[in-house]
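K.L.:
work38.txt is the file, holding compact mmCIF, C-alpha atoms and all ligand atoms:
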```txt
# COMPACT_ATOMS: atom_id res chain seq x y z
CA MET B 1 19.94 21.96 4.31
CA THR B 2 16.62 22.31 2.49
CA LYS B 3 15.75 19.25 0.46
CA ILE B 4 15.34 19.78 -3.27
CA ARG B 5 12.60 17.70 -4.82
CA ALA B 6 11.45 17.36 -8.41
CA LYS B 7 7.90 18.55 -9.08
CA ILE B 8 5.72 18.05 -12.12
CA SER B 9 4.92 21.60 -13.23
CA GLY B 10 3.07 20.94 -16.48
CA ILE B 11 1.67 18.26 -18.74
CA HIS B 12 0.45 18.06 -22.32
CA CYS B 13 -0.51 15.16 -24.59
CA TYR B 14 -1.16 14.38 -28.22
CA ALA B 15 -3.28 11.61 -29.71
CA PRO B 16 -3.46 11.32 -33.50
CA PRO B 17 -6.91 12.03 -35.00
CA TYR B 18 -7.70 8.64 -36.58
CA ILE B 19 -9.85 6.48 -34.29
CA LEU B 20 -9.86 2.70 -34.75
CA THR B 21 -13.06 1.34 -33.20
CA ASN B 22 -13.88 -2.18 -32.06
CA LYS B 23 -16.46 -2.22 -34.87
CA GLU B 24 -13.71 -1.65 -37.46
CA LEU B 25 -11.58 -4.39 -35.86
CA GLU B 26 -14.56 -6.77 -36.18
CA GLY B 27 -14.08 -6.40 -39.95
CA MET B 28 -10.35 -7.13 -39.75
CA VAL B 29 -10.09 -10.17 -37.41
CA ASP B 30 -12.40 -12.73 -35.80
CA THR B 31 -13.40 -10.70 -32.75
CA SER B 32 -16.36 -8.81 -31.32
CA ASP B 33 -16.97 -5.53 -29.53
CA GLU B 34 -18.50 -7.56 -26.69
CA TRP B 35 -15.35 -9.74 -26.26
CA ILE B 36 -12.96 -6.77 -26.38
CA VAL B 37 -14.96 -4.65 -23.93
CA SER B 38 -15.58 -7.46 -21.44
CA ARG B 39 -11.99 -8.82 -21.49
CA THR B 40 -10.07 -5.51 -21.69
CA GLY B 41 -12.37 -2.48 -21.26
CA ILE B 42 -11.18 -1.01 -24.59
CA ARG B 43 -13.71 0.52 -27.05
CA GLU B 44 -11.44 2.51 -29.39
CA ARG B 45 -7.84 3.61 -29.85
CA HIS B 46 -6.05 6.40 -31.78
CA ILE B 47 -3.79 5.43 -34.69
CA GLN B 48 -1.10 7.54 -36.35
CA LYS B 49 -1.78 7.42 -40.10
CA GLY B 50 0.24 8.99 -42.91
CA GLU B 51 3.58 8.53 -44.62
CA GLY B 52 6.70 9.84 -42.96
CA LEU B 53 5.30 10.10 -39.46
CA GLY B 54 6.77 8.30 -36.48
CA THR B 55 6.82 8.35 -32.69
CA SER B 56 8.96 11.51 -32.56
CA ASP B 57 6.26 13.46 -34.45
CA MET B 58 3.69 12.65 -31.77
CA GLY B 59 6.27 13.38 -29.06
CA ALA B 60 7.10 16.72 -30.69
CA GLU B 61 3.40 17.70 -30.78
CA ALA B 62 3.11 16.96 -27.06
CA VAL B 63 6.32 18.88 -26.24
CA LYS B 64 5.32 21.91 -28.36
CA GLY B 65 2.01 22.09 -26.50
CA LEU B 66 3.77 21.71 -23.15
CA LEU B 67 6.28 24.51 -23.84
CA GLU B 68 3.47 26.83 -24.95
CA LYS B 69 1.19 25.96 -22.05
CA THR B 70 3.89 26.42 -19.40
CA ASN B 71 5.33 29.50 -21.12
CA THR B 72 8.73 27.81 -21.27
CA SER B 73 11.43 28.67 -23.79
CA PRO B 74 12.99 25.65 -25.52
CA ASP B 75 16.36 27.26 -24.70
CA ASP B 76 15.78 26.68 -20.98
CA ILE B 77 15.32 22.89 -21.21
CA ASP B 78 18.47 21.04 -20.14
CA LEU B 79 17.43 17.38 -20.40
CA VAL B 80 14.89 15.41 -22.47
CA ILE B 81 14.13 11.75 -21.74
CA CYS B 82 11.78 9.79 -23.99
CA ALA B 83 10.24 6.53 -22.79
CA THR B 84 9.44 4.46 -25.85
CA VAL B 85 9.64 0.97 -27.33
CA THR B 86 8.88 2.29 -30.80
CA PRO B 87 11.59 4.87 -31.59
CA ASP B 88 11.50 6.17 -35.18
CA MET B 89 14.56 3.99 -35.85
CA MET B 90 17.01 1.85 -33.86
CA PHE B 91 19.19 4.94 -33.56
CA PRO B 92 19.38 7.84 -33.05
CA ALA B 93 17.13 8.11 -30.01
CA ALA B 94 13.59 9.44 -30.50
CA SER B 95 14.35 12.02 -27.81
CA ASN B 96 17.08 13.53 -30.06
CA LEU B 97 14.54 13.90 -32.88
CA ILE B 98 11.92 15.35 -30.53
CA SER B 99 14.42 17.95 -29.28
CA HIS B 100 15.37 18.80 -32.86
CA LYS B 101 11.73 19.17 -33.95
CA THR B 102 10.85 21.44 -31.02
CA GLY B 103 13.86 23.78 -31.10
CA ILE B 104 15.41 22.38 -27.90
CA LYS B 105 19.11 23.05 -28.46
CA ASN B 106 20.69 23.33 -25.01
CA ALA B 107 19.68 19.92 -23.71
CA PHE B 108 21.13 16.44 -23.90
CA SER B 109 18.62 13.71 -24.49
CA PHE B 110 18.25 9.96 -24.41
CA ASP B 111 15.60 7.24 -24.65
CA MET B 112 14.50 4.84 -21.97
CA ASN B 113 13.26 1.36 -22.81
CA ALA B 114 11.19 -0.15 -20.02
CA ALA B 115 8.05 -0.89 -22.09
CA CYS B 116 4.85 0.04 -20.25
CA SER B 117 6.78 1.10 -17.13
CA GLY B 118 9.06 3.35 -19.20
CA LEU B 119 7.38 6.63 -18.34
CA MET B 120 7.80 6.00 -14.63
CA PHE B 121 11.43 4.89 -15.06
CA ALA B 122 11.99 8.16 -16.99
CA ILE B 123 10.27 10.27 -14.30
CA ILE B 124 12.47 8.85 -11.57
CA THR B 125 15.64 9.31 -13.66
CA ALA B 126 14.66 12.95 -14.28
CA THR B 127 13.98 13.30 -10.55
CA ARG B 128 17.52 12.19 -9.68
CA TYR B 129 19.02 14.73 -12.12
CA ILE B 130 16.94 17.48 -10.50
CA GLU B 131 17.54 16.42 -6.88
CA SER B 132 21.31 16.37 -7.49
CA GLY B 133 21.20 19.89 -8.91
CA ALA B 134 22.47 18.70 -12.31
CA SER B 135 19.29 19.72 -14.19
CA LYS B 136 16.76 22.52 -13.72
CA LYS B 137 14.12 21.95 -16.40
CA VAL B 138 13.61 18.42 -17.65
CA ILE B 139 11.05 17.18 -20.15
CA VAL B 140 9.94 13.57 -19.86
CA VAL B 141 8.07 12.23 -22.86
CA GLY B 142 6.15 8.95 -23.06
CA ALA B 143 5.48 8.23 -26.72
CA ASP B 144 4.66 5.12 -28.68
CA LYS B 145 3.42 4.28 -32.14
CA MET B 146 2.30 0.81 -31.09
CA SER B 147 0.49 0.39 -34.44
CA SER B 148 3.94 0.16 -36.08
CA ILE B 149 4.70 -3.13 -34.24
CA THR B 150 1.16 -4.54 -34.13
CA ASP B 151 0.06 -7.40 -36.39
CA TYR B 152 -3.45 -6.48 -37.53
CA THR B 153 -4.13 -10.12 -38.46
CA ASN B 154 -3.55 -11.29 -34.86
CA ARG B 155 -6.72 -10.86 -32.81
CA GLU B 156 -4.89 -11.49 -29.53
CA THR B 157 -2.78 -8.34 -29.77
CA CYS B 158 -4.29 -5.99 -32.37
CA ILE B 159 -7.24 -5.10 -30.17
CA LEU B 160 -5.03 -3.91 -27.33
CA PHE B 161 -2.79 -1.13 -28.54
CA GLY B 162 -3.04 2.51 -29.64
CA ASP B 163 -0.73 5.43 -30.47
CA ALA B 164 -0.17 8.61 -28.45
CA ALA B 165 2.40 10.79 -26.69
CA GLY B 166 2.49 12.70 -23.42
CA ALA B 167 5.03 15.20 -22.12
CA LEU B 168 5.71 16.35 -18.55
CA LEU B 169 7.83 19.26 -17.34
CA LEU B 170 9.82 18.59 -14.16
CA GLU B 171 11.48 21.33 -12.14
CA PRO B 172 13.11 21.70 -8.69
CA THR B 173 11.10 22.76 -5.66
CA THR B 174 11.84 23.22 -1.97
CA GLU B 175 8.14 22.84 -1.09
CA ASP B 176 6.78 19.59 0.32
CA VAL B 177 5.35 18.51 -3.05
CA GLY B 178 6.61 16.61 -6.07
CA ILE B 179 8.07 13.14 -6.53
CA MET B 180 8.10 11.77 -2.97
CA ASP B 181 9.07 8.09 -3.28
CA SER B 182 9.23 5.19 -5.71
CA ILE B 183 9.65 1.42 -5.90
CA PHE B 184 10.81 -0.33 -9.06
CA GLY B 185 11.60 -3.83 -10.23
CA THR B 186 12.67 -5.75 -13.31
CA ASP B 187 12.84 -9.45 -14.10
CA GLY B 188 14.43 -10.43 -17.40
CA SER B 189 13.22 -14.01 -17.05
CA GLY B 190 9.80 -12.68 -18.13
CA TYR B 191 11.03 -11.93 -21.65
CA PRO B 192 9.65 -15.11 -23.34
CA TYR B 193 6.10 -13.98 -22.58
CA LEU B 194 6.29 -10.49 -24.09
CA HIS B 195 8.82 -9.35 -26.69
CA MET B 196 9.54 -8.60 -30.32
CA LYS B 197 11.41 -11.55 -31.77
CA ALA B 198 13.41 -9.91 -34.56
CA GLY B 199 14.94 -6.62 -35.61
CA GLY B 200 17.54 -6.52 -32.83
CA SER B 201 21.10 -7.86 -32.79
CA LEU B 202 19.95 -11.40 -31.95
CA ARG B 203 17.79 -11.78 -35.05
CA PRO B 204 18.45 -8.97 -37.50
CA ALA B 205 15.79 -8.30 -40.12
CA SER B 206 15.75 -10.80 -42.99
CA TYR B 207 13.21 -12.15 -45.50
CA GLU B 208 12.76 -15.06 -43.09
CA THR B 209 11.96 -12.85 -40.08
CA ILE B 210 9.52 -10.80 -42.12
CA ASP B 211 7.75 -13.91 -43.48
CA ALA B 212 7.50 -15.27 -39.93
CA LYS B 213 5.96 -11.96 -38.72
CA GLU B 214 8.69 -11.56 -36.14
CA HIS B 215 8.73 -7.76 -36.22
CA PHE B 216 5.48 -7.54 -34.29
CA ILE B 217 4.62 -7.72 -30.59
CA PHE B 218 4.60 -11.30 -29.34
CA GLN B 219 2.60 -11.78 -26.15
CA GLU B 220 1.37 -14.76 -24.18
CA GLY B 221 -1.55 -12.81 -22.79
CA GLN B 222 -2.58 -15.06 -19.91
CA SER B 223 0.95 -15.43 -18.48
CA VAL B 224 1.56 -11.69 -18.68
CA PHE B 225 -1.85 -11.05 -17.13
CA LYS B 226 -0.99 -13.14 -14.06
CA PHE B 227 2.32 -11.35 -13.47
CA ALA B 228 0.78 -7.93 -14.17
CA VAL B 229 -2.09 -8.34 -11.71
CA THR B 230 0.22 -9.50 -8.93
CA LYS B 231 3.10 -7.09 -9.47
CA MET B 232 1.06 -3.94 -10.06
CA ALA B 233 -1.15 -4.57 -7.04
CA ASP B 234 1.81 -5.59 -4.82
CA VAL B 235 3.95 -2.59 -5.67
CA SER B 236 1.05 -0.14 -5.23
CA ALA B 237 0.17 -1.57 -1.81
CA GLU B 238 3.88 -1.61 -0.87
CA ILE B 239 4.48 2.08 -1.58
CA MET B 240 1.45 2.98 0.56
CA LYS B 241 2.68 0.82 3.43
CA LYS B 242 6.25 2.13 3.18
CA ASN B 243 4.99 5.72 3.49
CA ASN B 244 2.16 5.08 5.98
CA LEU B 245 -0.45 6.16 3.44
CA THR B 246 -4.00 4.90 3.96
CA SER B 247 -6.65 4.69 1.26
CA GLU B 248 -8.11 7.94 2.69
CA ASP B 249 -4.78 9.70 2.13
CA VAL B 250 -4.64 8.76 -1.55
CA ALA B 251 -6.54 11.15 -3.83
CA TRP B 252 -5.87 9.28 -7.08
CA LEU B 253 -4.47 6.05 -8.45
CA VAL B 254 -3.04 6.50 -11.96
CA PRO B 255 -2.53 2.99 -13.29
CA HIS B 256 -0.96 2.00 -16.59
CA GLN B 257 -3.88 1.25 -18.90
CA ALA B 258 -3.32 -2.30 -20.23
CA ASN B 259 -6.47 -4.05 -19.08
CA LEU B 260 -9.42 -2.84 -17.00
CA ARG B 261 -9.35 -6.08 -14.99
CA ILE B 262 -5.71 -5.42 -13.93
CA ILE B 263 -6.64 -1.84 -12.96
CA ASP B 264 -9.64 -3.03 -10.90
CA ALA B 265 -7.52 -5.63 -9.08
CA THR B 266 -4.89 -2.99 -8.21
CA ALA B 267 -7.50 -0.55 -6.85
CA ARG B 268 -9.12 -3.33 -4.78
CA ARG B 269 -5.77 -4.30 -3.27
CA MET B 270 -5.07 -0.66 -2.32
CA GLY B 271 -8.55 -0.38 -0.82
CA ILE B 272 -9.43 2.65 -2.89
CA SER B 273 -12.75 3.24 -4.60
CA LYS B 274 -13.24 3.29 -8.34
CA ASP B 275 -13.99 7.02 -8.44
CA GLN B 276 -10.41 7.67 -7.23
CA VAL B 277 -8.95 5.75 -10.19
CA MET B 278 -8.09 7.46 -13.48
CA ILE B 279 -9.36 5.24 -16.28
CA ASN B 280 -9.44 6.16 -19.97
CA ILE B 281 -8.45 2.80 -21.48
CA GLN B 282 -11.86 2.70 -23.21
CA ARG B 283 -10.81 5.58 -25.53
CA TYR B 284 -7.07 5.01 -26.00
CA GLY B 285 -6.27 1.32 -25.40
CA ASN B 286 -2.72 0.57 -24.30
CA THR B 287 -0.44 3.34 -25.56
CA THR B 288 2.58 1.99 -23.59
CA GLY B 289 4.67 5.07 -22.64
CA ALA B 290 1.76 7.48 -22.97
CA THR B 291 -0.95 5.95 -20.76
CA ILE B 292 -0.03 7.68 -17.48
CA PRO B 293 0.44 11.17 -19.01
CA LEU B 294 -2.86 10.78 -20.91
CA CYS B 295 -4.62 10.18 -17.60
CA LEU B 296 -2.94 13.06 -15.73
CA TRP B 297 -3.67 15.38 -18.68
CA GLU B 298 -7.35 14.50 -18.85
CA TRP B 299 -7.76 14.81 -15.07
CA GLU B 300 -5.52 17.90 -14.71
CA ASP B 301 -8.45 20.26 -13.91
CA LYS B 302 -9.53 18.05 -11.01
CA LEU B 303 -6.10 17.84 -9.37
CA LYS B 304 -5.32 20.00 -6.36
CA LYS B 305 -1.98 21.05 -4.90
CA GLY B 306 -0.95 18.52 -2.26
CA ASP B 307 -3.05 15.65 -3.67
CA ASN B 308 -1.37 12.30 -3.04
CA ILE B 309 -1.23 10.41 -6.32
CA ILE B 310 0.08 6.88 -6.86
CA LEU B 311 1.36 6.04 -10.34
CA ALA B 312 1.63 2.29 -11.04
CA ALA B 313 2.69 0.25 -14.05
CA PHE B 314 3.69 -3.17 -15.29
CA GLY B 315 5.20 -3.94 -18.67
CA GLY B 316 7.41 -5.98 -20.94
CA GLY B 317 10.80 -6.92 -19.58
CA PHE B 318 9.26 -7.63 -17.14
CA THR B 319 9.31 -4.18 -15.56
CA TRP B 320 7.10 -2.71 -12.86
CA GLY B 321 6.95 0.09 -10.36
CA SER B 322 5.02 2.66 -8.39
CA VAL B 323 5.68 6.34 -7.75
CA TRP B 324 4.17 8.51 -5.00
CA VAL B 325 3.60 12.05 -6.29
CA LYS B 326 2.31 15.04 -4.31
CA TRP B 327 0.67 17.21 -6.96
CA ALA B 328 2.38 20.60 -7.14
CA TYR B 329 -0.24 22.95 -8.67
N1 LIG Z 1 -11.54 -11.74 -29.80
C1 LIG Z 1 -12.16 -12.90 -29.52
N2 LIG Z 1 -11.56 -13.94 -28.92
C2 LIG Z 1 -10.27 -13.78 -28.58
C3 LIG Z 1 -9.56 -12.60 -28.82
C4 LIG Z 1 -10.23 -11.55 -29.48
N3 LIG Z 1 -9.66 -10.38 -29.76
N4 LIG Z 1 -8.30 -12.74 -28.37
C5 LIG Z 1 -8.20 -13.96 -27.84
N5 LIG Z 1 -9.39 -14.61 -27.97
C6 LIG Z 1 -9.75 -15.95 -27.54
C7 LIG Z 1 -8.55 -16.86 -27.41
O1 LIG Z 1 -8.22 -17.43 -28.65
C8 LIG Z 1 -9.04 -17.87 -26.41
O2 LIG Z 1 -9.85 -18.80 -27.09
P1 LIG Z 1 -9.85 -20.37 -26.64
O3 LIG Z 1 -10.36 -20.35 -25.23
O4 LIG Z 1 -10.78 -20.97 -27.63
O5 LIG Z 1 -8.44 -20.80 -26.77
C9 LIG Z 1 -9.94 -17.05 -25.49
O6 LIG Z 1 -10.31 -15.88 -26.24
C10 LIG Z 1 -9.29 -16.63 -24.21
O7 LIG Z 1 -7.99 -16.07 -24.52
P2 LIG Z 1 -7.03 -15.56 -23.42
O8 LIG Z 1 -5.72 -15.15 -24.02
O9 LIG Z 1 -7.01 -16.53 -22.29
O10 LIG Z 1 -7.82 -14.25 -22.94
P3 LIG Z 1 -7.56 -13.38 -21.68
O11 LIG Z 1 -8.76 -13.32 -20.87
O12 LIG Z 1 -6.27 -13.72 -20.99
O13 LIG Z 1 -7.39 -11.91 -22.32
C11 LIG Z 1 -5.61 -10.36 -22.80
C12 LIG Z 1 -6.32 -11.66 -23.21
C13 LIG Z 1 -6.61 -9.24 -22.91
C14 LIG Z 1 -4.43 -10.13 -23.72
C15 LIG Z 1 -5.13 -10.49 -21.32
O14 LIG Z 1 -4.46 -11.70 -21.15
C16 LIG Z 1 -4.22 -9.36 -20.88
O15 LIG Z 1 -4.65 -8.23 -20.73
N6 LIG Z 1 -2.93 -9.67 -20.60
C17 LIG Z 1 -2.01 -8.69 -20.00
C18 LIG Z 1 -1.59 -7.61 -20.96
C19 LIG Z 1 -0.54 -6.74 -20.32
O16 LIG Z 1 -0.69 -6.24 -19.20
N7 LIG Z 1 0.60 -6.53 -20.99
C20 LIG Z 1 1.68 -5.80 -20.39
C21 LIG Z 1 1.83 -4.46 -20.95
S1 LIG Z 1 2.12 -4.46 -22.70
C22 LIG Z 1 3.74 -3.93 -22.93
O17 LIG Z 1 4.53 -3.85 -22.04
C23 LIG Z 1 4.17 -3.58 -24.35
```
Would you mind writing the structure in this file as structure tokens?
Ligand code: ACO
P.N.:
Amino acid sequence: MTKIRAKISGIHCYAPPYILTNKELEGMVDTSDEWIVSRTGIRERHIQKGEGLGTSDMGAEAVKGLLEKTNTSPDDIDLVICATVTPDMMFPAASNLISHKTGIKNAFSFDMNAACSGLMFAIITATRYIESGASKKVIVVGADKMSSITDYTNRETCILFGDAAGALLLEPTTEDVGIMDSIFGTDGSGYPYLHMKAGGSLRPASYETIDAKEHFIFQEGQSVFKFAVTKMADVSAEIMKKNNLTSEDVAWLVPHQANLRIIDATARRMGISKDQVMINIQRYGNTTGATIPLCLWEWEDKLKKGDNIILAAFGGGFTWGSVWVKWAY
């Protein structure tokens, strides 16, 4: 029997127009452009401004563009998965709101919370629905309004994050392209190093939690850095080994964009040169669910059918993973 794979058949992204530069951050906290660039690689990030706008609005912009670009009717979409840690509200899911805002009426939808690895977790979930024959046209959205959970008085975190959304269309194929393999991991014991303390069932919102600034990202940067470097590099090398891929076979590494030093370490470990690595952290910062789509979107013109691409991420949870994609168009 012919194997059915899931292929990525389109991609579109949205980044809000306001750009927060390192210079502007220098006026907000005790930091410098020099420190931010040398420690992270980030120069600017996009921020969603304006009342009444949330993650689903950015996600909807990305999905609208994707449907138009791929000439797809919203009626034909049967599943929408949104990877996000910043849904518009605790419930309903951001994916429900995105479907509603884009006229997608024949799909069921749900959110996936795996922090910076969320987009890849969502891609592989969509892949299983397609491989099983259960779904024919799936939209995976990575969208985060990180500015909504960032404390702009904390120099350790406010320099890192930005807002954006990316949407991918996945469809079945019998060709030898698409989502070829994946490796994933999670380790809940990593939660003390990276989490949001309040607003969940453990510590519901109260005057006390607000005064203690517990509704913002808490991160012990150095500890997370150590795990991220090891796990992202390990899992990227592992997927190559598992599939007998050499550095010559890999056209592109698409790493989650959290820190340029983590990206460099991953590329070194895989033995691939810097010009095969998609890097745009300097213009977007860490947009959590949107970093990998933003890269694929910006490099889309350079991609060729059959290119071997390795996606790799590490994030809060801890969560990590790598996906081997053979580009389909
Ligand atoms: N400007 C100037 N100085 C700063 C700043 C800043 N913005 N931030 C921290 N510093 C200072 C610290 O106070 C410290 O000063 P001290 O030596 O006097 O105590 C010094 O710089 C070094 O601080 P470190 O935290 O050790 O800096 P580090 O080199 O580790 O860089 C960073 C911090 C960028 C956060 C890094 O640790 C990192 O990238 N960590 C991993 C992030 C990550 O991958 N997260 C996972 C994904 S996010 C998610 O899932 C939502």
K.L.:
So, counting only C-alpha atoms and all ligand atoms, which residue among B:Glu175, B:Asp163, B:Asp211, B:Asp75 is closest to ligand LIG 1 (chain Z)?
P.N.:
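Using only C-alpha atoms and all ligand atoms, ligand LIG 1 (chain Z) sits closest to B:Asp163.
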K.L.:
Of the candidates B:Ala122, B:Ile210, B:Ala107, B:Ile47, which one gets nearest to Thr21 in chain B if we count all atoms listed in the file?
P.N.:
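Nearest candidate to Thr21 in chain B out of B:Ala122, B:Ile210, B:Ala107, B:Ile47: B:Ile47.
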K.L.:
Please compute the CA of Gly166 in chain B-CA of Ala15 in chain B distance, one decimal, in Å.
P.N.:
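Calculated distance between CA of Gly166 in chain B and CA of Ala15 in chain B is 8.6 Å.
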K.L.:
Could the centre and edge lengths of an axis-aligned box, enclosing all atoms of range 134-152 of chain B in the file with 5 Å extra on each side, be given in Å to one decimal as AutoDock Vina command-line options?
P.N.:
```
--center_x 9.5 --center_y 7.6 --center_z -24.9 --size_x 35.9 --size_y 39.9 --size_z 35.2
```
K.L.:
Compile a residue-level contact table for chain B against ligand LIG 1 (chain Z) at a cut-off of 6 Å, reporting for every qualifying residue the shortest atom pair and its distance in Å to one decimal, with all atoms listed in the file counted, rows ordered by chain and ascending number, as JSON lines.
P.N.:
```
{"residue": "B:Thr31", "atom": "CA", "partner": "Z:LIG1", "partner_atom": "N1", "distance": 3.6}
{"residue": "B:Ser32", "atom": "CA", "partner": "Z:LIG1", "partner_atom": "N1", "distance": 5.8}
{"residue": "B:Trp35", "atom": "CA", "partner": "Z:LIG1", "partner_atom": "C1", "distance": 5.5}
{"residue": "B:Ile36", "atom": "CA", "partner": "Z:LIG1", "partner_atom": "N3", "distance": 5.9}
{"residue": "B:Arg39", "atom": "CA", "partner": "Z:LIG1", "partner_atom": "O11", "distance": 5.6}
{"residue": "B:Thr40", "atom": "CA", "partner": "Z:LIG1", "partner_atom": "C13", "distance": 5.2}
{"residue": "B:Ala115", "atom": "CA", "partner": "Z:LIG1", "partner_atom": "O17", "distance": 4.6}
{"residue": "B:Cys116", "atom": "CA", "partner": "Z:LIG1", "partner_atom": "O17", "distance": 4.3}
{"residue": "B:Arg155", "atom": "CA", "partner": "Z:LIG1", "partner_atom": "N3", "distance": 4.3}
{"residue": "B:Glu156", "atom": "CA", "partner": "Z:LIG1", "partner_atom": "N4", "distance": 3.8}
{"residue": "B:Ile159", "atom": "CA", "partner": "Z:LIG1", "partner_atom": "N3", "distance": 5.8}
{"residue": "B:Gly221", "atom": "CA", "partner": "Z:LIG1", "partner_atom": "O14", "distance": 3.5}
{"residue": "B:Gln222", "atom": "CA", "partner": "Z:LIG1", "partner_atom": "O14", "distance": 4.0}
{"residue": "B:Val224", "atom": "CA", "partner": "Z:LIG1", "partner_atom": "C17", "distance": 4.8}
{"residue": "B:Phe225", "atom": "CA", "partner": "Z:LIG1", "partner_atom": "C17", "distance": 3.7}
{"residue": "B:Ala228", "atom": "CA", "partner": "Z:LIG1", "partner_atom": "O16", "distance": 5.5}
{"residue": "B:Ala258", "atom": "CA", "partner": "Z:LIG1", "partner_atom": "O16", "distance": 4.8}
{"residue": "B:Asn259", "atom": "CA", "partner": "Z:LIG1", "partner_atom": "O15", "distance": 4.8}
{"residue": "B:Thr288", "atom": "CA", "partner": "Z:LIG1", "partner_atom": "C23", "distance": 5.8}
{"residue": "B:Gly315", "atom": "CA", "partner": "Z:LIG1", "partner_atom": "O17", "distance": 3.4}
{"residue": "B:Gly316", "atom": "CA", "partner": "Z:LIG1", "partner_atom": "O17", "distance": 3.7}
```
K.L.:
To one decimal in Å, tell me the separation between CA of Phe110 in chain B and CA of Phe314 in chain B.
P.N.:
21.6 Å
K.L.:
Interatomic distance between CA of Ile139 in chain B and CA of Val177 in chain B?
P.N.:
18.1 Å
K.L.:
Using all atoms listed in the file, which protein or nucleic acid residues come within 8 Å of Thr84 in chain B? Drop anything in the same chain fewer than 2 positions from it, and give the result as an mmCIF file with C-alpha atoms, in the coordinates of the input.
P.N.:
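Result went into around00.cif, see below:
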```
data_model
loop_
_atom_site.group_PDB
_atom_site.id
_atom_site.type_symbol
_atom_site.label_atom_id
_atom_site.label_comp_id
_atom_site.auth_asym_id
_atom_site.auth_seq_id
_atom_site.Cartn_x
_atom_site.Cartn_y
_atom_site.Cartn_z
ATOM 1 C CA CYS B 82 11.780 9.790 -23.990
ATOM 2 C CA THR B 86 8.880 2.290 -30.800
ATOM 3 C CA PRO B 87 11.590 4.870 -31.590
ATOM 4 C CA ALA B 94 13.590 9.440 -30.500
ATOM 5 C CA ASP B 111 15.600 7.240 -24.650
ATOM 6 C CA MET B 112 14.500 4.840 -21.970
ATOM 7 C CA ASN B 113 13.260 1.360 -22.810
ATOM 8 C CA ALA B 114 11.190 -0.150 -20.020
ATOM 9 C CA ALA B 115 8.050 -0.890 -22.090
ATOM 10 C CA GLY B 118 9.060 3.350 -19.200
ATOM 11 C CA GLY B 142 6.150 8.950 -23.060
ATOM 12 C CA ALA B 143 5.480 8.230 -26.720
ATOM 13 C CA ASP B 144 4.660 5.120 -28.680
ATOM 14 C CA THR B 288 2.580 1.990 -23.590
ATOM 15 C CA GLY B 289 4.670 5.070 -22.640
#
```
K.L.:
Residues at most 12 Å from Ala126 in chain B, counting only C-alpha atoms, excluding those fewer than 5 positions away in the same chain, as a count of residues only?
P.N.:
34
K.L.:
When distances are computed from all atoms listed in the file, which of B:Leu296, B:Ile310, B:Ala265, B:Met196 shows the smallest separation from Ser236 in chain B?
P.N.:
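Ranked by minimum distance to Ser236 in chain B, first place goes to B:Ile310.
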K.L.:
Rank B:Asn154, B:Ser201, B:Thr319, B:Tyr207 by their smallest atom-to-atom distance to Gly188 in chain B, using all atoms listed in the file, and report the top residue only.
P.N.:
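For Gly188 in chain B, the nearest of the given residues is B:Thr319.
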K.L.:
Anything within 12 Å of (5.5, 11.4, -37.7): list those residues as a PDB file with C-alpha atoms, keeping the file's coordinate frame, counting all atoms listed in the file and sticking to the file's coordinates.
P.N.:
```pdb
ATOM      1  CA  TYR B  14      -1.160  14.380 -28.220  1.00  0.00           C
ATOM      2  CA  ALA B  15      -3.280  11.610 -29.710  1.00  0.00           C
ATOM      3  CA  PRO B  16      -3.460  11.320 -33.500  1.00  0.00           C
ATOM      4  CA  ILE B  47      -3.790   5.430 -34.690  1.00  0.00           C
ATOM      5  CA  GLN B  48      -1.100   7.540 -36.350  1.00  0.00           C
ATOM      6  CA  LYS B  49      -1.780   7.420 -40.100  1.00  0.00           C
ATOM      7  CA  GLY B  50       0.240   8.990 -42.910  1.00  0.00           C
ATOM      8  CA  GLU B  51       3.580   8.530 -44.620  1.00  0.00           C
ATOM      9  CA  GLY B  52       6.700   9.840 -42.960  1.00  0.00           C
ATOM     10  CA  LEU B  53       5.300  10.100 -39.460  1.00  0.00           C
ATOM     11  CA  GLY B  54       6.770   8.300 -36.480  1.00  0.00           C
ATOM     12  CA  THR B  55       6.820   8.350 -32.690  1.00  0.00           C
ATOM     13  CA  SER B  56       8.960  11.510 -32.560  1.00  0.00           C
ATOM     14  CA  ASP B  57       6.260  13.460 -34.450  1.00  0.00           C
ATOM     15  CA  MET B  58       3.690  12.650 -31.770  1.00  0.00           C
ATOM     16  CA  GLY B  59       6.270  13.380 -29.060  1.00  0.00           C
ATOM     17  CA  ALA B  60       7.100  16.720 -30.690  1.00  0.00           C
ATOM     18  CA  GLU B  61       3.400  17.700 -30.780  1.00  0.00           C
ATOM     19  CA  THR B  86       8.880   2.290 -30.800  1.00  0.00           C
ATOM     20  CA  PRO B  87      11.590   4.870 -31.590  1.00  0.00           C
ATOM     21  CA  ASP B  88      11.500   6.170 -35.180  1.00  0.00           C
ATOM     22  CA  MET B  89      14.560   3.990 -35.850  1.00  0.00           C
ATOM     23  CA  ALA B  94      13.590   9.440 -30.500  1.00  0.00           C
ATOM     24  CA  LEU B  97      14.540  13.900 -32.880  1.00  0.00           C
ATOM     25  CA  ILE B  98      11.920  15.350 -30.530  1.00  0.00           C
ATOM     26  CA  LYS B 101      11.730  19.170 -33.950  1.00  0.00           C
ATOM     27  CA  ALA B 143       5.480   8.230 -26.720  1.00  0.00           C
ATOM     28  CA  ASP B 144       4.660   5.120 -28.680  1.00  0.00           C
ATOM     29  CA  LYS B 145       3.420   4.280 -32.140  1.00  0.00           C
ATOM     30  CA  SER B 148       3.940   0.160 -36.080  1.00  0.00           C
ATOM     31  CA  ASP B 163      -0.730   5.430 -30.470  1.00  0.00           C
ATOM     32  CA  ALA B 164      -0.170   8.610 -28.450  1.00  0.00           C
ATOM     33  CA  ALA B 165       2.400  10.790 -26.690  1.00  0.00           C
TER      34      ALA B 165
END
```
